[in-house]
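Heads up: the structure comes next, in structure tokens.
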Amino acid sequence: MSEAAVMPRGNAVPANDVVRADGRNRRAAATRRKIIEAAKAMIEETSEAPTVVGVAKRADVSVRSVFQHFGDVQSLFVTVVDSIGEDVQMGPPPTADRPLGTRVEGLIQSLVELFDKIVPLRVAAGQFAGHPALLERGLALRQQLRDATLKAFEPELAMLPEQTREELVDAIGAALSLDAWIVLRRRDGLSVERAVGIWRLTLTALLEHELGKARQ
């Protein structure tokens, strides 16, 4: 057999090289997943941003592997934030055709189910205050709450002047924010039921105050 017959033609890659490359890619992807899952578990347990050394030990990989995949602990943390964001989604807001009290309850429950799962992540994120990527994710979460509020209370908000409507939505966003939930649950040590009761009173009062003035 001639030499030409056994040489790859053009830019073709030998089959053995393709297999080896696929194997390396699979191992790299598996290592990356192990690192992310280890970091997620540590944040959930401690509410602190884990160290690279700690993540490497938990994932049973080398410190060098962590740096190869993420470069630094900030990049790892942002990746974990995005991974948790994919796992935990806010439920759809209640539709505007339902009674007001039902919508109040529905919006609060949607937020509570989301926030109670991401409190450890938000507390840990305080160690990276000012990180551009985390600020961007925080803005996106606040916009999600704003959109849910606008949809849930569309008939009531339509009754208000534009400036009053904007101020009310901003007030609801501040009162029912993730940081407000952390204060109730972590600083004040309230149960979910107590914290939900406070939010129910707050949201109802905000709506009734502005709607009462609009009806006068």
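Labels used: A, B, ... for chains in the order of the structure tokens, numbers from 1 for residues in each chain, and numbers from 1 for ligands as shown.
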Please provide the set of residues having any atom within 7 Å of Leu107 (chain A), restricted to only C-alpha atoms, with same-chain residues fewer than 4 positions apart removed, written as a PDB file with N, CA and C atoms, in the first residue's frame.
ATOM      1  N   PRO A  93     -46.867  35.477  37.057  1.00  0.00           N
ATOM      2  CA  PRO A  93     -47.696  36.297  37.947  1.00  0.00           C
ATOM      3  C   PRO A  93     -49.172  35.978  37.731  1.00  0.00           C
ATOM      4  N   PRO A  94     -50.002  36.221  38.747  1.00  0.00           N
ATOM      5  CA  PRO A  94     -51.440  35.964  38.585  1.00  0.00           C
ATOM      6  C   PRO A  94     -52.036  36.862  37.517  1.00  0.00           C
ATOM      7  N   ARG A 103     -54.755  38.011  43.656  1.00  0.00           N
ATOM      8  CA  ARG A 103     -53.546  38.438  42.946  1.00  0.00           C
ATOM      9  C   ARG A 103     -52.443  38.872  43.903  1.00  0.00           C
ATOM     10  N   LEU A 111     -42.950  35.238  44.545  1.00  0.00           N
ATOM     11  CA  LEU A 111     -41.694  35.834  44.983  1.00  0.00           C
ATOM     12  C   LEU A 111     -41.051  35.027  46.109  1.00  0.00           C
TER      13      LEU A 111
END
Mind checking DSSP for chain A and telling me the alpha helix (DSSP H) residues as a ChimeraX atom specification? /A:3-6,15-46,52-59,63-70,73-87,100-125,132-152,154-157,162-175,178-182,192-215
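Excluding region 176-182 of chain A and any residue on its chain fewer than 4 positions from it, the residues at most 9 Å away by only C-alpha atoms are Ile108, Leu111, Val112, Phe115, Asp116, Ile118, Val119, Arg122, Val123, Leu141, Arg142, Leu145, Ala171, Ile172, Arg186, Arg187, Asp188, Ala195, Trp199, Thr202 and Leu203 of chain A.
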Write out the residues from the selection above, keeping C-alpha atoms, as a compact mmCIF listing (two decimals), in the first residue's frame.
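The resulting again_23.txt:
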# COMPACT_ATOMS: atom_id res chain seq x y z
CA ILE A 108 -46.26 37.19 47.02
CA LEU A 111 -41.69 35.83 44.98
CA VAL A 112 -41.34 33.83 48.19
CA PHE A 115 -36.42 34.33 47.04
CA ASP A 116 -36.26 31.71 49.77
CA ILE A 118 -31.71 32.20 46.46
CA VAL A 119 -31.18 33.92 49.82
CA ARG A 122 -27.59 36.77 47.55
CA VAL A 123 -25.89 36.86 50.95
CA LEU A 141 -34.19 40.46 38.78
CA ARG A 142 -35.64 43.81 39.79
CA LEU A 145 -40.39 41.88 39.70
CA ALA A 171 -42.66 51.32 46.25
CA ILE A 172 -43.85 47.75 45.70
CA ARG A 186 -32.20 36.44 58.20
CA ARG A 187 -31.89 39.61 60.28
CA ASP A 188 -35.23 39.40 62.06
CA ALA A 195 -42.74 37.21 56.69
CA TRP A 199 -45.66 41.39 52.90
CA THR A 202 -47.64 45.94 53.10
CA LEU A 203 -48.70 45.23 49.54
Spatial neighbours of Ala133 (chain A), max dist 12 Å, only C-alpha atoms, sep filter under 6 positions, as a PyMOL selection string: chain A and resi 74-82+125+139-140
May I have the selected residues written with C-alpha atoms, as an mmCIF file, in the first residue's frame?
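Saved as part_29.cif:
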data_model
loop_
_atom_site.group_PDB
_atom_site.id
_atom_site.type_symbol
_atom_site.label_atom_id
_atom_site.label_comp_id
_atom_site.auth_asym_id
_atom_site.auth_seq_id
_atom_site.Cartn_x
_atom_site.Cartn_y
_atom_site.Cartn_z
ATOM 1 C CA GLN A 74 -15.310 35.865 40.787
ATOM 2 C CA SER A 75 -15.812 34.214 37.397
ATOM 3 C CA LEU A 76 -16.760 30.975 39.115
ATOM 4 C CA PHE A 77 -19.284 32.804 41.303
ATOM 5 C CA VAL A 78 -20.927 34.524 38.319
ATOM 6 C CA THR A 79 -21.207 31.161 36.569
ATOM 7 C CA VAL A 80 -22.828 29.690 39.677
ATOM 8 C CA VAL A 81 -25.274 32.609 39.807
ATOM 9 C CA ASP A 82 -26.305 31.913 36.213
ATOM 10 C CA ALA A 125 -22.811 37.819 46.613
ATOM 11 C CA LEU A 139 -31.035 44.747 37.725
ATOM 12 C CA ALA A 140 -32.568 41.943 35.668
#
Using only C-alpha atoms, which residue out of A:Arg215, A:Ala152, A:Ala39, A:Gly189 lies closest to Glu105 (chain A)? A:Ala152
